>>> print(open('input-v1.cif').read())   # mmCIF, C-alpha atoms
data_structure
loop_
_atom_site.group_PDB
_atom_site.id
_atom_site.type_symbol
_atom_site.label_atom_id
_atom_site.label_comp_id
_atom_site.auth_asym_id
_atom_site.auth_seq_id
_atom_site.Cartn_x
_atom_site.Cartn_y
_atom_site.Cartn_z
ATOM 1 C CA MET A 223 19.467 25.825 -18.516
ATOM 2 C CA ALA A 224 20.025 28.157 -21.476
ATOM 3 C CA GLU A 225 17.731 30.846 -20.108
ATOM 4 C CA ASP A 226 19.933 31.087 -17.003
ATOM 5 C CA LEU A 227 22.692 32.467 -19.241
ATOM 6 C CA VAL A 228 20.722 35.685 -19.657
ATOM 7 C CA SER A 229 18.632 37.342 -16.962
ATOM 8 C CA LEU A 230 15.497 39.327 -17.792
ATOM 9 C CA ASP A 231 13.699 41.693 -15.453
ATOM 10 C CA ILE A 232 10.951 44.013 -16.699
ATOM 11 C CA ARG A 233 9.904 46.896 -14.484
ATOM 12 C CA ASP A 234 8.428 50.322 -15.132
ATOM 13 C CA ALA A 235 8.325 49.700 -18.907
ATOM 14 C CA VAL A 236 12.093 49.012 -18.979
ATOM 15 C CA ALA A 237 13.544 45.550 -19.665
ATOM 16 C CA TRP A 238 16.857 44.745 -17.963
ATOM 17 C CA ILE A 239 18.746 42.101 -19.931
ATOM 18 C CA GLY A 240 21.884 40.767 -18.235
ATOM 19 C CA LEU A 241 24.545 38.523 -19.739
ATOM 20 C CA ASN A 242 24.942 35.961 -16.973
ATOM 21 C CA ARG A 243 28.064 33.924 -17.549
ATOM 22 C CA PRO A 244 30.415 35.714 -15.140
ATOM 23 C CA ALA A 245 32.858 32.822 -14.673
ATOM 24 C CA LYS A 246 33.593 33.039 -18.418
ATOM 25 C CA ARG A 247 33.574 36.866 -18.443
ATOM 26 C CA ASN A 248 30.269 36.695 -20.303
ATOM 27 C CA ALA A 249 31.890 35.143 -23.371
ATOM 28 C CA ILE A 250 29.143 34.723 -25.947
ATOM 29 C CA SER A 251 28.518 31.050 -26.610
ATOM 30 C CA ASP A 252 25.857 29.705 -28.973
ATOM 31 C CA ALA A 253 23.611 29.001 -25.978
ATOM 32 C CA LEU A 254 24.065 32.499 -24.573
ATOM 33 C CA LEU A 255 23.317 34.051 -27.969
ATOM 34 C CA ALA A 256 20.089 32.037 -28.217
ATOM 35 C CA ALA A 257 19.083 33.059 -24.707
ATOM 36 C CA LEU A 258 19.827 36.696 -25.532
ATOM 37 C CA ASP A 259 17.646 36.462 -28.628
ATOM 38 C CA GLY A 260 14.770 35.101 -26.563
ATOM 39 C CA ALA A 261 15.148 37.810 -23.920
ATOM 40 C CA VAL A 262 15.192 40.536 -26.575
ATOM 41 C CA ALA A 263 11.997 39.147 -28.141
ATOM 42 C CA ARG A 264 10.239 39.134 -24.768
ATOM 43 C CA ALA A 265 11.465 42.635 -23.986
ATOM 44 C CA GLN A 266 10.224 43.982 -27.300
ATOM 45 C CA GLY A 267 6.788 42.520 -26.586
ATOM 46 C CA SER A 268 6.508 43.867 -23.043
ATOM 47 C CA ALA A 269 8.634 47.006 -22.579
ATOM 48 C CA ARG A 270 9.304 50.393 -24.140
ATOM 49 C CA ALA A 271 13.074 50.415 -23.613
ATOM 50 C CA MET A 272 15.773 47.883 -22.763
ATOM 51 C CA VAL A 273 19.104 47.989 -20.959
ATOM 52 C CA VAL A 274 21.723 45.359 -21.848
ATOM 53 C CA PHE A 275 24.483 44.784 -19.271
ATOM 54 C CA GLY A 276 26.871 42.147 -17.965
ATOM 55 C CA HIS A 277 26.768 40.370 -14.623
ATOM 56 C CA GLY A 278 30.103 39.893 -12.884
ATOM 57 C CA PRO A 279 33.474 41.402 -13.793
ATOM 58 C CA CYS A 280 32.683 42.842 -17.234
ATOM 59 C CA PHE A 281 30.190 43.485 -20.007
ATOM 60 C CA SER A 282 31.508 40.768 -22.325
ATOM 61 C CA ALA A 283 34.899 39.373 -23.307
ATOM 62 C CA GLY A 284 33.478 38.480 -26.732
ATOM 63 C CA LEU A 285 33.128 35.299 -28.732
ATOM 64 C CA ASP A 286 33.557 31.975 -26.935
ATOM 65 C CA LEU A 287 36.499 30.729 -29.008
ATOM 66 C CA SER A 288 36.337 27.251 -27.467
ATOM 67 C CA GLU A 289 33.333 26.498 -29.684
ATOM 68 C CA HIS A 290 35.168 27.343 -32.917
ATOM 69 C CA LYS A 291 38.098 24.944 -33.016
ATOM 70 C CA ALA A 292 36.635 22.461 -35.507
ATOM 71 C CA ARG A 293 34.217 24.549 -37.560
ATOM 72 C CA THR A 294 34.363 24.527 -41.343
ATOM 73 C CA ALA A 295 34.273 27.709 -43.425
ATOM 74 C CA GLU A 296 30.616 27.062 -44.255
ATOM 75 C CA GLN A 297 29.760 26.607 -40.569
ATOM 76 C CA VAL A 298 31.559 29.826 -39.635
ATOM 77 C CA LEU A 299 29.697 31.725 -42.362
ATOM 78 C CA HIS A 300 26.297 30.547 -41.112
ATOM 79 C CA HIS A 301 27.331 31.168 -37.508
ATOM 80 C CA SER A 302 28.272 34.748 -38.366
ATOM 81 C CA ARG A 303 24.947 35.284 -40.104
ATOM 82 C CA GLY A 304 23.216 34.019 -36.971
ATOM 83 C CA TRP A 305 24.946 36.715 -34.916
ATOM 84 C CA HIS A 306 23.877 39.294 -37.488
ATOM 85 C CA ALA A 307 20.246 38.190 -37.161
ATOM 86 C CA VAL A 308 20.199 38.456 -33.359
ATOM 87 C CA PHE A 309 21.896 41.845 -33.293
ATOM 88 C CA ARG A 310 19.643 43.086 -36.110
ATOM 89 C CA ARG A 311 16.636 42.343 -33.912
ATOM 90 C CA ILE A 312 18.094 44.672 -31.296
ATOM 91 C CA ARG A 313 19.103 47.376 -33.745
ATOM 92 C CA THR A 314 15.931 47.362 -35.853
ATOM 93 C CA GLY A 315 13.399 46.467 -33.170
ATOM 94 C CA HIS A 316 10.721 48.878 -32.028
ATOM 95 C CA ILE A 317 12.177 49.808 -28.627
ATOM 96 C CA PRO A 318 15.461 51.614 -27.934
ATOM 97 C CA ALA A 319 18.335 49.569 -26.500
ATOM 98 C CA ILE A 320 20.923 51.005 -24.111
ATOM 99 C CA ALA A 321 24.197 49.194 -23.368
ATOM 100 C CA ALA A 322 25.538 49.692 -19.832
ATOM 101 C CA ILE A 323 29.222 48.759 -20.026
ATOM 102 C CA HIS A 324 31.853 48.053 -17.391
ATOM 103 C CA GLY A 325 35.149 46.207 -17.666
ATOM 104 C CA ALA A 326 35.974 44.386 -20.887
ATOM 105 C CA CYS A 327 33.829 45.095 -23.935
ATOM 106 C CA VAL A 328 35.814 43.124 -26.468
ATOM 107 C CA GLY A 329 35.235 41.567 -29.890
ATOM 108 C CA GLY A 330 31.721 40.145 -29.965
ATOM 109 C CA GLY A 331 30.896 42.079 -26.802
ATOM 110 C CA LEU A 332 31.700 45.293 -28.637
ATOM 111 C CA GLU A 333 29.577 44.130 -31.569
ATOM 112 C CA LEU A 334 26.671 43.613 -29.172
ATOM 113 C CA ALA A 335 27.185 47.080 -27.697
ATOM 114 C CA ALA A 336 27.296 48.558 -31.207
ATOM 115 C CA ALA A 337 23.906 46.969 -31.933
ATOM 116 C CA CYS A 338 22.395 49.093 -29.163
ATOM 117 C CA HIS A 339 21.264 52.655 -29.805
ATOM 118 C CA ILE A 340 22.943 54.307 -26.818
ATOM 119 C CA ARG A 341 26.135 53.192 -25.063
ATOM 120 C CA VAL A 342 27.021 54.142 -21.480
ATOM 121 C CA ALA A 343 30.391 53.108 -20.020
ATOM 122 C CA ASP A 344 31.928 53.530 -16.611
ATOM 123 C CA ALA A 345 35.569 54.375 -15.980
ATOM 124 C CA THR A 346 36.607 50.699 -15.870
ATOM 125 C CA ALA A 347 35.456 49.978 -19.436
ATOM 126 C CA ARG A 348 37.957 48.830 -22.050
ATOM 127 C CA PHE A 349 37.180 48.347 -25.736
ATOM 128 C CA ALA A 350 39.119 46.187 -28.187
ATOM 129 C CA LEU A 351 38.846 44.152 -31.382
ATOM 130 C CA PRO A 352 41.448 41.408 -30.841
ATOM 131 C CA GLU A 353 40.366 39.251 -33.770
ATOM 132 C CA GLY A 354 43.339 40.340 -35.877
ATOM 133 C CA SER A 355 45.867 39.191 -33.275
ATOM 134 C CA ARG A 356 44.081 35.813 -33.137
ATOM 135 C CA GLY A 357 44.258 35.270 -36.885
ATOM 136 C CA ILE A 358 40.514 35.629 -37.407
ATOM 137 C CA PHE A 359 38.123 38.352 -38.611
ATOM 138 C CA VAL A 360 35.147 40.014 -36.994
ATOM 139 C CA GLY A 361 31.860 38.217 -37.654
ATOM 140 C CA GLY A 362 29.148 39.874 -35.565
ATOM 141 C CA GLY A 363 28.706 43.058 -37.565
ATOM 142 C CA ALA A 364 31.683 45.167 -36.464
ATOM 143 C CA SER A 365 32.935 45.826 -39.994
ATOM 144 C CA VAL A 366 29.703 47.724 -40.634
ATOM 145 C CA HIS A 367 28.444 48.989 -37.292
ATOM 146 C CA VAL A 368 31.609 49.658 -35.288
ATOM 147 C CA ALA A 369 33.222 51.148 -38.397
ATOM 148 C CA ARG A 370 30.258 53.491 -38.803
ATOM 149 C CA LEU A 371 30.688 54.685 -35.233
ATOM 150 C CA ILE A 372 34.446 55.278 -35.231
ATOM 151 C CA GLY A 373 35.490 55.132 -38.901
ATOM 152 C CA ALA A 374 37.196 52.364 -40.849
ATOM 153 C CA ALA A 375 40.698 53.789 -40.275
ATOM 154 C CA ARG A 376 40.406 53.731 -36.482
ATOM 155 C CA MET A 377 38.845 50.276 -36.556
ATOM 156 C CA ALA A 378 41.696 49.057 -38.778
ATOM 157 C CA ASP A 379 44.180 50.389 -36.232
ATOM 158 C CA MET A 380 42.428 48.509 -33.415
ATOM 159 C CA MET A 381 42.387 45.251 -35.385
ATOM 160 C CA LEU A 382 45.925 45.454 -36.782
ATOM 161 C CA THR A 383 47.716 46.626 -33.644
ATOM 162 C CA GLY A 384 45.523 45.207 -30.887
ATOM 163 C CA ARG A 385 45.028 48.715 -29.510
ATOM 164 C CA SER A 386 42.384 49.069 -26.806
ATOM 165 C CA LEU A 387 40.459 52.196 -25.872
ATOM 166 C CA ASP A 388 39.555 53.278 -22.366
ATOM 167 C CA ALA A 389 36.204 54.944 -21.714
ATOM 168 C CA ASP A 390 37.434 58.486 -22.325
ATOM 169 C CA ALA A 391 39.144 57.557 -25.600
ATOM 170 C CA ALA A 392 36.057 55.616 -26.676
ATOM 171 C CA GLU A 393 33.877 58.656 -26.043
ATOM 172 C CA ARG A 394 36.207 60.892 -28.054
ATOM 173 C CA ALA A 395 36.122 58.371 -30.900
ATOM 174 C CA GLY A 396 32.304 58.293 -30.909
ATOM 175 C CA LEU A 397 32.106 54.679 -29.778
ATOM 176 C CA ILE A 398 30.150 55.469 -26.611
ATOM 177 C CA THR A 399 27.805 58.286 -25.698
ATOM 178 C CA TYR A 400 28.218 58.675 -21.922
ATOM 179 C CA VAL A 401 31.059 58.096 -19.448
ATOM 180 C CA THR A 402 30.373 57.667 -15.741
ATOM 181 C CA PRO A 403 32.543 57.067 -12.669
ATOM 182 C CA GLU A 404 33.285 53.451 -11.789
ATOM 183 C CA GLY A 405 30.094 51.563 -11.000
ATOM 184 C CA GLY A 406 27.848 54.264 -12.451
ATOM 185 C CA ALA A 407 26.889 52.854 -15.855
ATOM 186 C CA LEU A 408 23.736 51.046 -14.709
ATOM 187 C CA GLU A 409 22.430 54.078 -12.847
ATOM 188 C CA GLN A 410 23.008 56.339 -15.852
ATOM 189 C CA ALA A 411 21.432 53.766 -18.165
ATOM 190 C CA ALA A 412 18.389 53.553 -15.888
ATOM 191 C CA GLU A 413 17.869 57.319 -16.040
ATOM 192 C CA LEU A 414 18.139 57.294 -19.825
ATOM 193 C CA ALA A 415 15.840 54.271 -20.191
ATOM 194 C CA VAL A 416 13.086 55.968 -18.184
ATOM 195 C CA LYS A 417 13.340 59.011 -20.479
ATOM 196 C CA VAL A 418 13.237 57.105 -23.743
ATOM 197 C CA ALA A 419 10.443 54.830 -22.520
ATOM 198 C CA ARG A 420 8.241 57.924 -22.264
ATOM 199 C CA MET A 421 8.820 58.994 -25.861
ATOM 200 C CA ALA A 422 5.985 58.931 -28.381
ATOM 201 C CA PRO A 423 6.047 55.678 -30.381
ATOM 202 C CA LEU A 424 6.088 57.466 -33.741
ATOM 203 C CA THR A 425 9.125 59.496 -32.687
ATOM 204 C CA VAL A 426 10.873 56.301 -31.603
ATOM 205 C CA LEU A 427 9.970 54.730 -34.947
ATOM 206 C CA GLY A 428 11.619 57.626 -36.755
ATOM 207 C CA VAL A 429 14.780 57.488 -34.649
ATOM 208 C CA LEU A 430 15.221 53.706 -34.851
ATOM 209 C CA HIS A 431 14.133 53.106 -38.443
ATOM 210 C CA ALA A 432 14.139 56.300 -40.500
ATOM 211 C CA LEU A 433 17.344 57.877 -39.160
ATOM 212 C CA PRO A 434 19.692 54.959 -39.993
ATOM 213 C CA ARG A 435 18.224 54.656 -43.490
ATOM 214 C CA ILE A 436 18.559 58.388 -44.128
ATOM 215 C CA GLN A 437 22.314 58.101 -43.535
ATOM 216 C CA ASP A 438 22.557 55.822 -46.584
ATOM 217 C CA MET A 439 20.415 57.980 -48.855
ATOM 218 C CA ALA A 440 21.219 60.774 -51.246
ATOM 219 C CA GLU A 441 20.690 64.175 -49.631
ATOM 220 C CA GLU A 442 17.365 65.018 -51.288
ATOM 221 C CA ASP A 443 15.993 61.514 -50.690
ATOM 222 C CA GLY A 444 16.970 61.716 -47.034
ATOM 223 C CA LEU A 445 15.384 65.126 -46.598
ATOM 224 C CA PHE A 446 12.147 63.897 -48.180
ATOM 225 C CA VAL A 447 12.000 60.909 -45.813
ATOM 226 C CA GLU A 448 12.671 63.301 -42.928
ATOM 227 C CA SER A 449 9.660 65.393 -44.003
ATOM 228 C CA LEU A 450 7.463 62.306 -44.226
ATOM 229 C CA MET A 451 8.537 61.197 -40.761
ATOM 230 C CA ALA A 452 7.939 64.682 -39.363
ATOM 231 C CA ALA A 453 4.431 64.691 -40.831
ATOM 232 C CA LEU A 454 3.631 61.326 -39.241
ATOM 233 C CA ALA A 455 5.126 62.093 -35.844
ATOM 234 C CA GLN A 456 3.847 65.635 -35.408
ATOM 235 C CA THR A 457 0.246 64.739 -36.189
ATOM 236 C CA GLY A 458 0.119 61.813 -33.758
ATOM 237 C CA ALA A 459 -2.024 62.016 -30.609
ATOM 238 C CA GLU A 460 0.941 61.939 -28.217
ATOM 239 C CA ALA A 461 2.730 64.686 -30.136
ATOM 240 C CA GLN A 462 -0.353 66.880 -30.097
ATOM 241 C CA ALA A 463 -0.704 66.414 -26.333
ATOM 242 C CA GLY A 464 2.995 67.185 -25.816
ATOM 243 C CA LEU A 465 2.822 70.349 -27.914
ATOM 244 C CA ALA A 466 -0.238 71.512 -25.986
ATOM 245 C CA ASP A 467 1.554 70.917 -22.672
ATOM 246 C CA PHE A 468 4.525 72.955 -23.869
ATOM 247 C CA LEU A 469 2.452 75.844 -25.239
ATOM 248 C CA GLU A 470 0.383 75.996 -22.067
ATOM 249 C CA LYS A 471 3.577 75.835 -19.957
ATOM 250 C CA ARG A 472 2.729 72.483 -18.368
ATOM 251 C CA SER A 473 6.058 70.889 -19.388
ATOM 252 C CA ALA A 474 9.697 71.795 -18.735
ATOM 253 C CA LYS A 475 11.794 73.636 -21.314
ATOM 254 C CA ALA A 476 14.273 71.552 -23.301
ATOM 255 C CA VAL A 477 17.091 73.801 -22.041
ATOM 256 C CA GLU A 478 16.677 75.811 -18.864
ATOM 257 C CA GLY A 479 18.109 79.276 -18.390
#
>>> encode(input="input-v1.cif", output="structure tokens")
Amino acid sequence: MAEDLVSLDIRDAVAWIGLNRPAKRNAISDALLAALDGAVARAQGSARAMVVFGHGPCFSAGLDLSEHKARTAEQVLHHSRGWHAVFRRIRTGHIPAIAAIHGACVGGGLELAAACHIRVADATARFALPEGSRGIFVGGGASVHVARLIGAARMADMMLTGRSLDADAAERAGLITYVTPEGGALEQAAELAVKVARMAPLTVLGVLHALPRIQDMAEEDGLFVESLMAALAQTGAEAQAGLADFLEKRSAKAVEG
């Protein structure tokens, strides 16, 4: 069944979404993509944060190329737009998404990770964009979203030369946010998910929706939107309660010492 290709477990306001095609290194087939879309929709209706991870030996080895042998240009175009739609639902949804990465995070797998808001990788993680060496081009959003994370020049190097990045190199490049020892990505992601699930909804709205748009605005436009978002967030009930807790010393300092 298609839903078996992606596991979903919701606990403590966190949705755990697992790519579950380990025998194929979690290669993203059409059926897996549809199951992922369904799991994301359920998570966004029931949780306040989500963690995306891979069952088995790796996060994801990317696109299932076996499904693309006989596709026409028109079919490939529509297929690519379908990937964009699914990943957009993750990126522009109303709950933060955290990718917990181990092993291969390649091609479409990297595009999925880039759709998440925070990326955690353990020491076994490897990142690559092998499309160039296969005579094809990225189609799941990498040319926009991976390039924004690491820059077009570094992405061009990865595509033209087949270069892969280990976890430390990926962190230096800005591709991932946290590096853990082998086997530690899920634990780190769980800690982060609990934190972000407690955030005020208006603050989350600003981070997920205002912040990305501000990056594309002229400076003064961006600063005005920032002020609008600050006005909304800081006058919300949860913000007022949080400020009162801080002023009355009922909450921890942001930085101790």
>>> residues_around(input="input-v1.cif", residues="A:Leu433", least_positions_apart="6", cutoff="10 Å", atoms="all atoms listed in the file", output="PDB file with C-alpha atoms, keeping the file's coordinate frame")
ATOM      1  CA  LEU A 427       9.970  54.730 -34.947  1.00  0.00           C
ATOM      2  CA  GLY A 444      16.970  61.716 -47.034  1.00  0.00           C
ATOM      3  CA  VAL A 447      12.000  60.909 -45.813  1.00  0.00           C
ATOM      4  CA  GLU A 448      12.671  63.301 -42.928  1.00  0.00           C
ATOM      5  CA  MET A 451       8.537  61.197 -40.761  1.00  0.00           C
TER       6      MET A 451
END
>>> closest_atom_pairs(input="input-v1.cif", of="stretch 251-364 of chain A", to="stretch 226-247 of chain A", cutoff="7 Å", atoms="all atoms listed in the file", output="Markdown table")
| residue | atom | partner | partner_atom | distance |
| --- | --- | --- | --- | --- |
| A:Leu254 | CA | A:Leu227 | CA | 5.5 |
| A:Ala257 | CA | A:Val228 | CA | 5.9 |
| A:Leu258 | CA | A:Val228 | CA | 6.0 |
| A:Ala261 | CA | A:Leu230 | CA | 6.3 |
| A:Ala265 | CA | A:Ala237 | CA | 5.6 |
| A:Ala269 | CA | A:Ala235 | CA | 4.6 |
| A:Arg270 | CA | A:Ala235 | CA | 5.4 |
| A:Ala271 | CA | A:Val236 | CA | 4.9 |
| A:Met272 | CA | A:Ala237 | CA | 4.5 |
| A:Val273 | CA | A:Trp238 | CA | 5.0 |
| A:Val274 | CA | A:Ile239 | CA | 4.8 |
| A:Phe275 | CA | A:Gly240 | CA | 4.9 |
| A:Gly276 | CA | A:Leu241 | CA | 4.7 |
| A:His277 | CA | A:Asn242 | CA | 5.3 |
| A:Gly278 | CA | A:Pro244 | CA | 4.8 |
| A:Pro279 | CA | A:Arg247 | CA | 6.5 |
| A:Cys280 | CA | A:Arg247 | CA | 6.2 |
| A:Ser282 | CA | A:Arg247 | CA | 5.9 |
| A:Ala283 | CA | A:Arg247 | CA | 5.6 |
>>> closest_residue(input="input-v1.cif", among="A:Ala337, A:Cys327, A:Ile320, A:Val401", to="A:Val418", atoms="all atoms listed in the file")
A:Ile320
>>> closest_residue(input="input-v1.cif", among="A:Glu393, A:Asp252, A:Glu289, A:Glu409", to="A:Arg341", atoms="only C-alpha atoms")
A:Glu393
>>> atom_distance(input="input-v1.cif", atom1="atom CA of A:Arg348", atom2="atom CA of A:Leu397")
11.3 Å
>>> resolve_selection(input="input-v1.cif", expression="the PyMOL selection byres ((chain A and resi 333) around 12)", output="ChimeraX atom specification")
/A:250,281-285,302,305-306,308-310,312-313,321,327-332,334-338,341,349-351,360-371,397
>>> atom_distance(input="input-v1.cif", atom1="atom CA of A:Leu454", atom2="atom CA of A:Asp438")
21.0 Å
>>> atom_distance(input="input-v1.cif", atom1="atom CA of A:His324", atom2="atom CA of A:Pro403")
10.2 Å
>>> axis_aligned_box(input="input-v1.cif", around="stretch 402-412 of chain A", padding_each_side="3 Å", output="lines of an AutoDock Vina configuration file")
center_x = 25.8
center_y = 54.4
center_z = -14.6
size_x = 20.9
size_y = 12.6
size_z = 13.2
>>> closest_residue(input="input-v1.cif", among="A:Ala343, A:Glu404, A:Gln297, A:Arg356", to="A:Ala391", atoms="all atoms listed in the file")
A:Ala343
>>> residues_around(input="input-v1.cif", residues="A:Leu382", least_positions_apart="6", cutoff="10 Å", atoms="all atoms listed in the file", output="ChimeraX atom specification")
/A:351-355,376
>>> closest_residue(input="input-v1.cif", among="A:Ala395, A:Ala256, A:Met380, A:Ala411", to="A:Asp344", atoms="only C-alpha atoms")
A:Ala411
>>> closest_residue(input="input-v1.cif", among="A:Pro434, A:Ala326, A:Ile317, A:Arg264", to="A:Ala249", atoms="only C-alpha atoms")
A:Ala326
>>> build_atoms(input="input-v1.cif", residues="stretch 288-312 of chain A", atoms="N, CA and C atoms", output="mmCIF file, in the coordinates of the input")
data_model
loop_
_atom_site.group_PDB
_atom_site.id
_atom_site.type_symbol
_atom_site.label_atom_id
_atom_site.label_comp_id
_atom_site.auth_asym_id
_atom_site.auth_seq_id
_atom_site.Cartn_x
_atom_site.Cartn_y
_atom_site.Cartn_z
ATOM 1 N N SER A 288 36.248 28.697 -27.667
ATOM 2 C CA SER A 288 36.337 27.251 -27.467
ATOM 3 C C SER A 288 35.355 26.486 -28.346
ATOM 4 N N GLU A 289 34.319 27.162 -28.840
ATOM 5 C CA GLU A 289 33.333 26.498 -29.684
ATOM 6 C C GLU A 289 33.714 26.517 -31.163
ATOM 7 N N HIS A 290 34.847 27.119 -31.503
ATOM 8 C CA HIS A 290 35.168 27.343 -32.917
ATOM 9 C C HIS A 290 36.364 26.547 -33.423
ATOM 10 N N LYS A 291 36.878 25.633 -32.629
ATOM 11 C CA LYS A 291 38.098 24.944 -33.016
ATOM 12 C C LYS A 291 37.928 24.088 -34.264
ATOM 13 N N ALA A 292 36.793 23.446 -34.426
ATOM 14 C CA ALA A 292 36.635 22.461 -35.507
ATOM 15 C C ALA A 292 35.593 22.868 -36.536
ATOM 16 N N ARG A 293 35.246 24.122 -36.611
ATOM 17 C CA ARG A 293 34.217 24.549 -37.560
ATOM 18 C C ARG A 293 34.783 24.712 -38.964
ATOM 19 N N THR A 294 33.982 24.325 -39.949
ATOM 20 C CA THR A 294 34.363 24.527 -41.343
ATOM 21 C C THR A 294 34.054 25.961 -41.752
ATOM 22 N N ALA A 295 34.551 26.370 -42.928
ATOM 23 C CA ALA A 295 34.273 27.709 -43.425
ATOM 24 C C ALA A 295 32.772 27.933 -43.574
ATOM 25 N N GLU A 296 32.069 26.927 -44.085
ATOM 26 C CA GLU A 296 30.616 27.062 -44.255
ATOM 27 C C GLU A 296 29.927 27.243 -42.906
ATOM 28 N N GLN A 297 30.356 26.485 -41.891
ATOM 29 C CA GLN A 297 29.760 26.607 -40.569
ATOM 30 C C GLN A 297 30.027 27.986 -39.963
ATOM 31 N N VAL A 298 31.235 28.493 -40.156
ATOM 32 C CA VAL A 298 31.559 29.826 -39.635
ATOM 33 C C VAL A 298 30.706 30.886 -40.310
ATOM 34 N N LEU A 299 30.519 30.758 -41.628
ATOM 35 C CA LEU A 299 29.697 31.725 -42.362
ATOM 36 C C LEU A 299 28.277 31.759 -41.797
ATOM 37 N N HIS A 300 27.670 30.589 -41.624
ATOM 38 C CA HIS A 300 26.297 30.547 -41.112
ATOM 39 C C HIS A 300 26.235 31.015 -39.659
ATOM 40 N N HIS A 301 27.272 30.712 -38.899
ATOM 41 C CA HIS A 301 27.331 31.168 -37.508
ATOM 42 C C HIS A 301 27.369 32.698 -37.459
ATOM 43 N N SER A 302 28.193 33.292 -38.302
ATOM 44 C CA SER A 302 28.272 34.748 -38.366
ATOM 45 C C SER A 302 26.925 35.362 -38.738
ATOM 46 N N ARG A 303 26.252 34.766 -39.700
ATOM 47 C CA ARG A 303 24.947 35.284 -40.104
ATOM 48 C C ARG A 303 23.928 35.161 -38.976
ATOM 49 N N GLY A 304 24.086 34.153 -38.139
ATOM 50 C CA GLY A 304 23.216 34.019 -36.971
ATOM 51 C C GLY A 304 23.411 35.158 -35.990
ATOM 52 N N TRP A 305 24.672 35.550 -35.759
ATOM 53 C CA TRP A 305 24.946 36.715 -34.916
ATOM 54 C C TRP A 305 24.314 37.960 -35.520
ATOM 55 N N HIS A 306 24.461 38.125 -36.824
ATOM 56 C CA HIS A 306 23.877 39.294 -37.488
ATOM 57 C C HIS A 306 22.368 39.362 -37.236
ATOM 58 N N ALA A 307 21.699 38.218 -37.318
ATOM 59 C CA ALA A 307 20.246 38.190 -37.161
ATOM 60 C C ALA A 307 19.834 38.611 -35.755
ATOM 61 N N VAL A 308 20.536 38.105 -34.742
ATOM 62 C CA VAL A 308 20.199 38.456 -33.359
ATOM 63 C C VAL A 308 20.438 39.937 -33.112
ATOM 64 N N PHE A 309 21.578 40.437 -33.535
ATOM 65 C CA PHE A 309 21.896 41.845 -33.293
ATOM 66 C C PHE A 309 21.006 42.767 -34.124
ATOM 67 N N ARG A 310 20.577 42.288 -35.304
ATOM 68 C CA ARG A 310 19.643 43.086 -36.110
ATOM 69 C C ARG A 310 18.313 43.258 -35.378
ATOM 70 N N ARG A 311 17.892 42.227 -34.652
ATOM 71 C CA ARG A 311 16.636 42.343 -33.912
ATOM 72 C C ARG A 311 16.732 43.421 -32.832
ATOM 73 N N ILE A 312 17.901 43.586 -32.266
ATOM 74 C CA ILE A 312 18.094 44.672 -31.296
ATOM 75 C C ILE A 312 18.097 46.007 -32.009
#
